[in-house]
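What's in target00.cif: mmCIF, C-alpha atoms
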data_work
#
loop_
_atom_site.group_PDB
_atom_site.id
_atom_site.type_symbol
_atom_site.label_atom_id
_atom_site.label_comp_id
_atom_site.auth_asym_id
_atom_site.auth_seq_id
_atom_site.Cartn_x
_atom_site.Cartn_y
_atom_site.Cartn_z
ATOM 1 C CA MET I 130 0.000 0.000 0.000
ATOM 2 C CA ALA I 131 1.415 3.368 -1.052
ATOM 3 C CA ILE I 132 0.552 6.778 0.357
ATOM 4 C CA THR I 133 -0.218 9.664 -1.997
ATOM 5 C CA ILE I 134 0.388 13.124 -0.555
ATOM 6 C CA LEU I 135 -1.957 15.593 -2.209
ATOM 7 C CA THR I 136 -2.133 19.370 -1.972
ATOM 8 C CA ASP I 137 -3.326 22.447 -3.867
ATOM 9 C CA THR I 138 -1.471 25.337 -5.481
ATOM 10 C CA MET I 139 -2.404 27.601 -2.571
ATOM 11 C CA CYS I 140 0.312 25.801 -0.571
ATOM 12 C CA ASP I 141 3.109 26.798 -2.994
ATOM 13 C CA VAL I 142 5.160 23.608 -2.727
ATOM 14 C CA PRO I 143 8.296 24.275 -4.825
ATOM 15 C CA ARG I 144 8.184 22.218 -8.010
ATOM 16 C CA HIS I 145 11.403 20.288 -7.400
ATOM 17 C CA TYR I 146 10.169 19.137 -3.976
ATOM 18 C CA ALA I 147 6.887 18.014 -5.523
ATOM 19 C CA GLU I 148 8.803 16.025 -8.118
ATOM 20 C CA LYS I 149 11.255 14.576 -5.599
ATOM 21 C CA TYR I 150 8.529 13.267 -3.280
ATOM 22 C CA ASN I 151 5.884 12.597 -5.949
ATOM 23 C CA ILE I 152 3.479 15.085 -4.340
ATOM 24 C CA LYS I 153 0.254 15.480 -6.292
ATOM 25 C CA ILE I 154 -0.655 19.162 -6.725
ATOM 26 C CA MET I 155 -4.182 20.176 -7.745
ATOM 27 C CA PRO I 156 -4.524 23.633 -9.319
ATOM 28 C CA LEU I 157 -6.913 26.377 -8.342
ATOM 29 C CA LEU I 158 -8.220 28.516 -11.194
ATOM 30 C CA VAL I 159 -6.879 32.045 -11.659
ATOM 31 C CA ASN I 160 -9.337 34.377 -13.390
ATOM 32 C CA PHE I 161 -8.344 37.567 -15.200
ATOM 33 C CA GLY I 162 -11.656 38.943 -16.415
ATOM 34 C CA GLU I 163 -13.144 36.369 -18.789
ATOM 35 C CA GLU I 164 -9.917 34.365 -19.017
ATOM 36 C CA SER I 165 -9.311 31.450 -16.648
ATOM 37 C CA PHE I 166 -6.026 29.633 -16.106
ATOM 38 C CA ARG I 167 -5.090 26.552 -14.125
ATOM 39 C CA ASP I 168 -2.628 27.851 -11.548
ATOM 40 C CA GLY I 169 0.860 26.519 -12.220
ATOM 41 C CA ILE I 170 -0.210 24.717 -15.412
ATOM 42 C CA ASP I 171 -1.676 27.246 -17.848
ATOM 43 C CA ILE I 172 0.068 30.190 -16.201
ATOM 44 C CA THR I 173 3.413 30.344 -14.408
ATOM 45 C CA THR I 174 4.075 32.452 -11.326
ATOM 46 C CA GLU I 175 6.140 34.864 -13.425
ATOM 47 C CA GLU I 176 3.365 35.187 -16.018
ATOM 48 C CA PHE I 177 0.816 35.700 -13.260
ATOM 49 C CA PHE I 178 2.699 38.667 -11.787
ATOM 50 C CA GLU I 179 3.245 40.184 -15.239
ATOM 51 C CA ARG I 180 -0.507 40.121 -15.786
ATOM 52 C CA LEU I 181 -1.204 41.317 -12.236
ATOM 53 C CA GLN I 182 0.933 44.429 -12.687
ATOM 54 C CA ALA I 183 -0.663 45.188 -16.061
ATOM 55 C CA SER I 184 -4.247 44.662 -14.879
ATOM 56 C CA GLU I 185 -6.446 47.442 -13.487
ATOM 57 C CA LYS I 186 -8.585 44.983 -11.536
ATOM 58 C CA LEU I 187 -7.351 42.212 -9.289
ATOM 59 C CA PRO I 188 -7.759 38.665 -10.574
ATOM 60 C CA THR I 189 -9.872 36.189 -8.651
ATOM 61 C CA THR I 190 -9.219 32.562 -7.800
ATOM 62 C CA SER I 191 -11.718 29.708 -7.963
ATOM 63 C CA GLN I 192 -11.571 26.792 -5.548
ATOM 64 C CA ILE I 193 -11.211 23.186 -6.612
ATOM 65 C CA ASN I 194 -14.692 21.641 -6.705
ATOM 66 C CA PRO I 195 -15.845 18.304 -5.198
ATOM 67 C CA PRO I 196 -16.096 16.416 -8.538
ATOM 68 C CA GLN I 197 -12.464 17.290 -9.287
ATOM 69 C CA PHE I 198 -11.420 15.830 -5.941
ATOM 70 C CA GLU I 199 -13.620 12.773 -6.459
ATOM 71 C CA SER I 200 -11.912 12.073 -9.781
ATOM 72 C CA VAL I 201 -8.444 12.173 -8.200
ATOM 73 C CA PHE I 202 -9.550 10.215 -5.124
ATOM 74 C CA PHE I 203 -11.065 7.429 -7.257
ATOM 75 C CA GLU I 204 -7.920 7.298 -9.384
ATOM 76 C CA GLU I 205 -5.654 6.869 -6.344
ATOM 77 C CA ILE I 206 -7.952 4.370 -4.607
ATOM 78 C CA GLY I 207 -7.992 2.402 -7.858
ATOM 79 C CA LYS I 208 -4.219 2.080 -7.489
ATOM 80 C CA ASN I 209 -4.760 0.837 -3.913
ATOM 81 C CA ASN I 210 -3.205 4.040 -2.583
ATOM 82 C CA THR I 211 -4.131 5.871 0.607
ATOM 83 C CA ILE I 212 -4.549 9.625 0.116
ATOM 84 C CA ILE I 213 -3.502 12.324 2.575
ATOM 85 C CA GLY I 214 -4.645 15.738 1.385
ATOM 86 C CA ILE I 215 -3.115 18.806 3.038
ATOM 87 C CA LEU I 216 -4.850 21.908 1.747
ATOM 88 C CA GLY I 217 -4.731 25.685 2.107
ATOM 89 C CA SER I 218 -6.550 27.276 5.028
ATOM 90 C CA SER I 219 -10.319 26.753 5.012
ATOM 91 C CA LYS I 220 -10.683 30.347 6.285
ATOM 92 C CA LEU I 221 -9.241 31.657 3.011
ATOM 93 C CA SER I 222 -10.455 29.155 0.414
ATOM 94 C CA GLY I 223 -13.323 26.704 -0.029
ATOM 95 C CA THR I 224 -11.011 24.031 -1.438
ATOM 96 C CA TYR I 225 -10.730 22.166 1.883
ATOM 97 C CA ASN I 226 -14.520 21.970 2.183
ATOM 98 C CA SER I 227 -14.729 20.655 -1.391
ATOM 99 C CA ALA I 228 -12.304 17.875 -0.481
ATOM 100 C CA ILE I 229 -14.360 16.984 2.606
ATOM 101 C CA ILE I 230 -17.528 16.783 0.484
ATOM 102 C CA ALA I 231 -15.738 14.533 -2.020
ATOM 103 C CA LYS I 232 -14.401 12.315 0.765
ATOM 104 C CA ASN I 233 -17.864 11.949 2.304
ATOM 105 C CA ASN I 234 -19.422 11.223 -1.090
ATOM 106 C CA ILE I 235 -16.959 8.401 -1.696
ATOM 107 C CA GLY I 236 -17.049 7.084 1.876
ATOM 108 C CA SER I 237 -13.602 5.496 1.784
ATOM 109 C CA ASP I 238 -11.384 5.046 4.838
ATOM 110 C CA LYS I 239 -8.374 5.522 2.548
ATOM 111 C CA ILE I 240 -8.889 9.288 2.325
ATOM 112 C CA TYR I 241 -7.572 11.747 4.915
ATOM 113 C CA VAL I 242 -8.073 15.505 4.512
ATOM 114 C CA ILE I 243 -6.240 18.079 6.641
ATOM 115 C CA ASP I 244 -6.959 21.807 6.924
ATOM 116 C CA SER I 245 -3.430 23.231 7.150
ATOM 117 C CA GLU I 246 -4.758 26.481 8.676
ATOM 118 C CA ALA I 247 -1.901 28.051 6.731
ATOM 119 C CA VAL I 248 -1.104 29.505 3.332
ATOM 120 C CA THR I 249 1.670 29.464 0.765
ATOM 121 C CA LEU I 250 5.001 27.906 1.783
ATOM 122 C CA GLY I 251 4.000 27.575 5.458
ATOM 123 C CA ALA I 252 1.395 25.052 4.366
ATOM 124 C CA GLY I 253 3.956 23.754 1.899
ATOM 125 C CA LEU I 254 6.319 22.880 4.749
ATOM 126 C CA LEU I 255 3.597 20.667 6.219
ATOM 127 C CA VAL I 256 3.109 18.973 2.853
ATOM 128 C CA ILE I 257 6.831 18.309 2.445
ATOM 129 C CA LYS I 258 7.030 17.001 6.010
ATOM 130 C CA ALA I 259 4.150 14.599 5.342
ATOM 131 C CA ALA I 260 5.856 13.332 2.192
ATOM 132 C CA ARG I 261 9.075 12.718 4.099
ATOM 133 C CA LEU I 262 7.212 10.871 6.849
ATOM 134 C CA ALA I 263 5.563 8.679 4.212
ATOM 135 C CA GLU I 264 8.978 7.982 2.702
ATOM 136 C CA MET I 265 10.175 6.912 6.168
ATOM 137 C CA GLY I 266 7.414 4.305 6.300
ATOM 138 C CA LYS I 267 5.068 6.006 8.766
ATOM 139 C CA THR I 268 1.428 4.894 8.706
ATOM 140 C CA PRO I 269 -1.294 7.265 7.451
ATOM 141 C CA GLU I 270 -2.542 7.720 11.016
ATOM 142 C CA GLU I 271 0.952 8.575 12.268
ATOM 143 C CA ILE I 272 1.433 11.104 9.467
ATOM 144 C CA VAL I 273 -1.945 12.762 10.040
ATOM 145 C CA ASN I 274 -1.352 13.016 13.800
ATOM 146 C CA GLU I 275 2.098 14.523 13.261
ATOM 147 C CA ILE I 276 0.859 17.095 10.740
ATOM 148 C CA GLU I 277 -2.097 18.064 12.948
ATOM 149 C CA ALA I 278 0.390 18.719 15.766
ATOM 150 C CA SER I 279 2.858 20.503 13.478
ATOM 151 C CA LYS I 280 0.315 22.975 12.140
ATOM 152 C CA LYS I 281 -0.310 24.235 15.680
ATOM 153 C CA ARG I 282 3.400 25.039 15.974
ATOM 154 C CA LEU I 283 3.666 26.759 12.600
ATOM 155 C CA LYS I 284 4.605 30.444 12.447
ATOM 156 C CA GLN I 285 4.210 32.620 9.360
ATOM 157 C CA PHE I 286 5.252 36.225 8.770
ATOM 158 C CA PHE I 287 4.541 38.215 5.607
ATOM 159 C CA ILE I 288 6.073 41.607 4.872
ATOM 160 C CA ILE I 289 4.062 43.503 2.267
ATOM 161 C CA GLY I 290 6.175 45.681 0.001
ATOM 162 C CA ASN I 291 3.450 47.345 -2.082
ATOM 163 C CA LEU I 292 0.235 48.671 -0.536
ATOM 164 C CA LYS I 293 -1.495 49.168 -3.890
ATOM 165 C CA TYR I 294 -2.721 45.592 -4.032
ATOM 166 C CA LEU I 295 -4.107 45.631 -0.495
ATOM 167 C CA TYR I 296 -6.095 48.708 -1.549
ATOM 168 C CA LYS I 297 -7.297 47.099 -4.787
ATOM 169 C CA GLY I 298 -8.461 44.090 -2.798
ATOM 170 C CA GLY I 299 -10.382 46.278 -0.356
ATOM 171 C CA ARG I 300 -8.078 45.433 2.547
ATOM 172 C CA ILE I 301 -7.117 49.087 3.187
ATOM 173 C CA SER I 302 -8.506 52.499 2.188
ATOM 174 C CA LEU I 303 -7.171 54.656 -0.645
ATOM 175 C CA SER I 304 -5.861 57.243 1.822
ATOM 176 C CA ALA I 305 -4.051 54.560 3.827
ATOM 177 C CA SER I 306 -2.516 53.245 0.606
ATOM 178 C CA VAL I 307 -1.339 56.661 -0.577
ATOM 179 C CA ILE I 308 -0.035 57.848 2.798
ATOM 180 C CA GLY I 309 1.527 54.473 3.518
ATOM 181 C CA SER I 310 3.332 54.485 0.185
ATOM 182 C CA ILE I 311 4.649 58.009 0.749
ATOM 183 C CA LEU I 312 5.918 57.057 4.218
ATOM 184 C CA ASN I 313 7.301 53.714 2.966
ATOM 185 C CA ILE I 314 5.064 51.807 5.399
ATOM 186 C CA LYS I 315 5.424 48.023 5.282
ATOM 187 C CA PRO I 316 2.771 45.924 7.068
ATOM 188 C CA ILE I 317 3.790 42.707 8.818
ATOM 189 C CA ILE I 318 1.052 40.078 8.578
ATOM 190 C CA THR I 319 0.781 36.705 10.300
ATOM 191 C CA THR I 320 -1.659 33.793 10.375
ATOM 192 C CA VAL I 321 -3.911 33.182 13.382
ATOM 193 C CA GLU I 322 -6.080 30.056 13.279
ATOM 194 C CA GLY I 323 -5.974 30.076 9.509
ATOM 195 C CA LYS I 324 -6.765 33.769 9.038
ATOM 196 C CA LEU I 325 -4.409 36.559 7.968
ATOM 197 C CA GLU I 326 -4.047 39.279 10.596
ATOM 198 C CA MET I 327 -2.061 42.507 10.785
ATOM 199 C CA LEU I 328 0.742 42.222 13.307
ATOM 200 C CA GLU I 329 2.599 45.504 12.987
ATOM 201 C CA LYS I 330 3.513 48.303 10.569
ATOM 202 C CA THR I 331 6.904 49.900 10.129
ATOM 203 C CA ARG I 332 8.921 51.941 7.640
ATOM 204 C CA GLY I 333 10.988 49.960 5.166
ATOM 205 C CA VAL I 334 11.344 46.273 4.350
ATOM 206 C CA ARG I 335 14.659 45.789 6.157
ATOM 207 C CA LYS I 336 13.253 47.360 9.314
ATOM 208 C CA ALA I 337 10.253 45.029 9.077
ATOM 209 C CA ILE I 338 12.571 42.043 8.673
ATOM 210 C CA SER I 339 14.523 43.176 11.752
ATOM 211 C CA ILE I 340 11.287 43.378 13.743
ATOM 212 C CA VAL I 341 10.398 39.798 12.785
ATOM 213 C CA MET I 342 13.879 38.557 13.702
ATOM 214 C CA ASP I 343 13.691 40.401 17.052
ATOM 215 C CA MET I 344 10.269 38.895 17.678
ATOM 216 C CA ILE I 345 11.701 35.407 17.244
ATOM 217 C CA LYS I 346 14.434 36.170 19.761
ATOM 218 C CA ASP I 347 12.170 37.997 22.234
ATOM 219 C CA ASN I 348 9.720 35.075 22.319
ATOM 220 C CA GLY I 349 12.519 32.683 23.171
ATOM 221 C CA TRP I 350 12.099 30.794 19.913
ATOM 222 C CA THR I 351 15.026 29.295 18.043
ATOM 223 C CA LEU I 352 15.597 28.438 14.409
ATOM 224 C CA ASP I 353 18.414 26.031 15.218
ATOM 225 C CA GLU I 354 17.876 22.618 13.589
ATOM 226 C CA LYS I 355 14.609 23.829 12.041
ATOM 227 C CA VAL I 356 13.311 23.506 8.505
ATOM 228 C CA ILE I 357 12.756 27.100 7.392
ATOM 229 C CA GLY I 358 10.652 28.334 4.488
ATOM 230 C CA ILE I 359 11.393 31.644 2.765
ATOM 231 C CA ASN I 360 9.482 32.817 -0.281
ATOM 232 C CA HIS I 361 8.786 36.050 -2.092
ATOM 233 C CA THR I 362 7.058 37.839 -4.953
ATOM 234 C CA LEU I 363 9.666 39.120 -7.400
ATOM 235 C CA CYS I 364 12.060 40.302 -4.667
ATOM 236 C CA PRO I 365 14.755 37.633 -4.184
ATOM 237 C CA GLU I 366 17.026 40.231 -2.586
ATOM 238 C CA HIS I 367 14.707 40.432 0.444
ATOM 239 C CA ALA I 368 14.591 36.638 0.710
ATOM 240 C CA ASP I 369 18.396 36.559 0.450
ATOM 241 C CA TYR I 370 18.643 39.088 3.290
ATOM 242 C CA ILE I 371 16.399 37.027 5.582
ATOM 243 C CA GLU I 372 18.385 33.888 4.777
ATOM 244 C CA GLU I 373 21.637 35.722 5.522
ATOM 245 C CA LEU I 374 20.362 36.912 8.923
ATOM 246 C CA ILE I 375 19.106 33.447 9.840
ATOM 247 C CA LYS I 376 22.424 31.827 8.968
ATOM 248 C CA MET I 377 24.290 34.469 10.987
ATOM 249 C CA GLN I 378 22.162 33.945 14.102
ATOM 250 C CA TYR I 379 21.132 30.286 13.927
ATOM 251 C CA LYS I 380 22.041 26.896 12.524
ATOM 252 C CA PRO I 381 18.918 25.813 10.634
ATOM 253 C CA LYS I 382 18.574 22.231 9.482
ATOM 254 C CA GLU I 383 17.335 23.282 6.054
ATOM 255 C CA ILE I 384 16.138 26.396 4.251
ATOM 256 C CA ILE I 385 13.511 25.861 1.575
ATOM 257 C CA ARG I 386 13.165 28.719 -0.895
ATOM 258 C CA GLY I 387 10.255 29.401 -3.198
ATOM 259 C CA GLN I 388 7.874 31.942 -4.647
ATOM 260 C CA VAL I 389 4.590 33.236 -3.267
ATOM 261 C CA GLY I 390 1.935 32.065 -5.698
ATOM 262 C CA SER I 391 -1.212 33.574 -7.112
ATOM 263 C CA VAL I 392 -3.615 33.174 -4.176
ATOM 264 C CA VAL I 393 -1.616 35.233 -1.665
ATOM 265 C CA GLY I 394 0.239 37.098 -4.410
ATOM 266 C CA THR I 395 -2.997 38.647 -5.690
ATOM 267 C CA HIS I 396 -3.324 40.733 -2.528
ATOM 268 C CA ALA I 397 0.343 40.963 -1.540
ATOM 269 C CA GLY I 398 1.555 42.078 -4.956
ATOM 270 C CA PRO I 399 5.215 42.277 -5.974
ATOM 271 C CA GLY I 400 7.693 43.010 -3.191
ATOM 272 C CA CYS I 401 6.277 40.618 -0.586
ATOM 273 C CA VAL I 402 8.652 38.385 1.367
ATOM 274 C CA ALA I 403 7.584 35.692 3.826
ATOM 275 C CA LEU I 404 9.173 33.566 6.550
ATOM 276 C CA HIS I 405 7.730 30.243 7.750
ATOM 277 C CA PHE I 406 8.895 27.840 10.441
ATOM 278 C CA GLU I 407 7.655 25.354 13.001
ATOM 279 C CA LEU I 408 8.400 25.881 16.683
#

Here is a file; write its structure as structure tokens.
Amino acid sequence: MAITILTDTMCDVPRHYAEKYNIKIMPLLVNFGEESFRDGIDITTEEFFERLQASEKLPTTSQINPPQFESVFFEEIGKNNTIIGILGSSKLSGTYNSAIIAKNNIGSDKIYVIDSEAVTLGAGLLVIKAARLAEMGKTPEEIVNEIEASKKRLKQFFIIGNLKYLYKGGRISLSASVIGSILNIKPIITTVEGKLEMLEKTRGVRKAISIVMDMIKDNGWTLDEKVIGINHTLCPEHADYIEELIKMQYKPKEIIRGQVGSVVGTHAGPGCVALHFEL
């Protein structure tokens, strides 16, 4: 009996990790006006951000529907595989609920569905961890229990470099966007029980990064021997800076780099950098 680890493109698992561990990634739809694209298949991350910057209106994303999950579930069960689906936060997408509906419709005990309560590479770290546990020979129950525990220890920090997209998405007012841009204000956002919440605002990306690093230290957390996720939207220099600081202050077990995809990238826009780790 094999275990198939399944996820969605909201979790931003880097392609080479997906290929290495044979992780099955299901795409959400990205909609620019009347045009729809399968995230990561019909449109790359680079193409998405090119379109985003050229578009007056923000794109939308469409969740994966129950029949799509049922099709994949039946395919894997037909191979005598057990499926563990780890999906983007149910507070930010209906994809998790679609998977639950599909699981209940099929009624198989070979399907496990986990709400990561996270987004982008933070959720991706959980997916990669599950794949590694499966490779080690852990049972489905052991993997699910470990991931459920891990998601409670997961920390995510997003530094938003461009306020324009928060305004376009209705997250902030026009005046806040204009004044914030003039003052070089950079919001720091985190996840709380699967929802994105404002943590702090400061002037400049490097100052925001310093605040996050100080927060780690002040809380008595350590990044020693941890698997760290760092991803960004078209600003590798900010990701490089975070990686440099981490390596100066800690001895991480592994640093996984990637890009922020379309779901979070729609509202974060170019210039966002994010840090993810498990306590």

Exercise: residues within 10 Å of coordinate (-9.2, 17.4, -2.7), counting all atoms listed in the file, as a ChimeraX atom specification
/I:135-137,154-155,193-202,212-216,224-232,240-243

One-decimal distance in Å that lies between CA of Thr351 in chain I and CA of Arg282 in chain I:
12.6 Å

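Closest approach to Phe166 in chain I among I:Thr190, I:Ser218, I:Asn210, I:Asn348: I:Thr190, based on all atoms listed in the file.
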
In Å, rounded to a single decimal, give me how far CA of Leu262 in chain I is from CA of Ser279 in chain I.
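Straight-line distance from CA of Ser279 in chain I to CA of Leu262 in chain I works out to 12.5 Å.
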
Record the distance separating CA of Ile357 in chain I and CA of Leu404 in chain I, expressed in Å with one decimal.
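Rounded to one decimal, the two atoms are 7.4 Å apart.
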
Nearest to Lys376 in chain I: which of I:Met342, I:Asp347, I:Cys364, I:Ile170 is it, counting only C-alpha atoms?
I:Met342

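Within the 12 Å cut-off around Val334 in chain I, using only C-alpha atoms and omitting residues fewer than 3 positions from it on the same chain, the listed residues are Phe287, Ile288, Ile289, Gly290, Asn291, Asn313, Ile314, Lys315, Pro316, Ile317, Lys330, Thr331, Ala337, Ile338, Ser339, Ile340, Val341, Cys364, Glu366, His367, Ala368, Tyr370, Ile371, Gly400, Cys401, Val402 and Ala403 of chain I.
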
Of the candidates I:His405, I:Lys208, I:Lys153, I:His361, which one gets nearest to Thr174 in chain I if we count all atoms listed in the file?
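Closest residue, counting all atoms listed in the file: I:His361.
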
What's the 12 Å shell around Gly398 in chain I, counting all atoms listed in the file, without same-chain residues fewer than 2 positions away, as a PyMOL selection string?
chain I and resi 174+177-184+187-188+287-298+361-364+388-396+400-402

List the neighbours of Ala131 in chain I out to 10 Å using all atoms listed in the file; skip same-chain residues closer than 4 positions along the sequence, and give me the result as a list in words.
Glu205, Lys208, Asn209, Asn210, Thr211, Ile212, Ala263, Glu264, Gly266, Thr268 and Pro269 of chain I

Next, dump the selected residues to file, keeping only C-alpha atoms, as a PDB file, in the coordinates of the input.
ATOM      1  CA  GLU I 205      -5.654   6.869  -6.344  1.00  0.00           C
ATOM      2  CA  LYS I 208      -4.219   2.080  -7.489  1.00  0.00           C
ATOM      3  CA  ASN I 209      -4.760   0.837  -3.913  1.00  0.00           C
ATOM      4  CA  ASN I 210      -3.205   4.040  -2.583  1.00  0.00           C
ATOM      5  CA  THR I 211      -4.131   5.871   0.607  1.00  0.00           C
ATOM      6  CA  ILE I 212      -4.549   9.625   0.116  1.00  0.00           C
ATOM      7  CA  ALA I 263       5.563   8.679   4.212  1.00  0.00           C
ATOM      8  CA  GLU I 264       8.978   7.982   2.702  1.00  0.00           C
ATOM      9  CA  GLY I 266       7.414   4.305   6.300  1.00  0.00           C
ATOM     10  CA  THR I 268       1.428   4.894   8.706  1.00  0.00           C
ATOM     11  CA  PRO I 269      -1.294   7.265   7.451  1.00  0.00           C
TER      12      PRO I 269
END

Near Leu408 in chain I, within 12 Å and counting all atoms listed in the file, which residues show up once chain neighbours fewer than 5 positions away are dropped, as an MDAnalysis selection string?
chainID I and resid 278:285 345 348:357

If the box runs along x, y and z of the file and leaves 4 Å on each side of range 387-404 of chain I, what are its centre and edge lengths in Å, one decimal, as lines of an AutoDock Vina configuration file?
center_x = 3.3
center_y = 36.2
center_z = -0.3
size_x = 21.9
size_y = 21.6
size_z = 21.7

Ground truth for the PyMOL selection byres ((chain I and resi 252) around 9), written as number ranges by chain:
I: 139-142, 215-218, 245-251, 253-257, 280, 283, 405

Top pick for closest residue to Ala147 in chain I, considering I:Lys324, I:Arg167, I:Lys346, I:Lys258 and counting all atoms listed in the file
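Of I:Lys324, I:Arg167, I:Lys346, I:Lys258, the one nearest Ala147 in chain I is I:Lys258, counting all atoms listed in the file.
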
Using only C-alpha atoms, the shortest atom-to-atom distance to Thr138 in chain I among I:Glu275, I:Asp343, I:Asp168, I:Asp244 belongs to I:Asp168

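For the set I:Pro143, I:Ile132, I:Ser191, I:Lys239, the residue with the smallest atom-to-atom gap to Val159 in chain I is I:Ser191, counting only C-alpha atoms.
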
How about completing range 361-375 of chain I with N, CA and C atoms and giving it to me as a compact mmCIF listing (two decimals), in the coordinates of the input?
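Saved as out.txt:
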# COMPACT_ATOMS: atom_id res chain seq x y z
N HIS I 361 8.91 34.63 -1.76
CA HIS I 361 8.79 36.05 -2.09
C HIS I 361 8.01 36.23 -3.39
N THR I 362 7.65 37.49 -3.67
CA THR I 362 7.06 37.84 -4.95
C THR I 362 7.99 38.82 -5.65
N LEU I 363 8.78 38.31 -6.55
CA LEU I 363 9.67 39.12 -7.40
C LEU I 363 10.65 39.98 -6.62
N CYS I 364 11.06 39.54 -5.44
CA CYS I 364 12.06 40.30 -4.67
C CYS I 364 13.03 39.34 -3.99
N PRO I 365 13.82 38.60 -4.77
CA PRO I 365 14.76 37.63 -4.18
C PRO I 365 15.78 38.27 -3.26
N GLU I 366 16.05 39.56 -3.46
CA GLU I 366 17.03 40.23 -2.59
C GLU I 366 16.54 40.28 -1.14
N HIS I 367 15.24 40.42 -0.92
CA HIS I 367 14.71 40.43 0.44
C HIS I 367 14.78 39.03 1.05
N ALA I 368 14.48 38.03 0.24
CA ALA I 368 14.59 36.64 0.71
C ALA I 368 16.04 36.30 1.03
N ASP I 369 16.96 36.78 0.20
CA ASP I 369 18.40 36.56 0.45
C ASP I 369 18.81 37.18 1.78
N TYR I 370 18.28 38.38 2.06
CA TYR I 370 18.64 39.09 3.29
C TYR I 370 18.15 38.32 4.52
N ILE I 371 16.92 37.82 4.47
CA ILE I 371 16.40 37.03 5.58
C ILE I 371 17.25 35.78 5.77
N GLU I 372 17.57 35.10 4.68
CA GLU I 372 18.39 33.89 4.78
C GLU I 372 19.75 34.20 5.39
N GLU I 373 20.33 35.32 4.98
CA GLU I 373 21.64 35.72 5.52
C GLU I 373 21.56 35.95 7.03
N LEU I 374 20.52 36.65 7.48
CA LEU I 374 20.36 36.91 8.92
C LEU I 374 20.17 35.61 9.70
N ILE I 375 19.36 34.72 9.16
CA ILE I 375 19.11 33.45 9.84
C ILE I 375 20.39 32.66 9.99
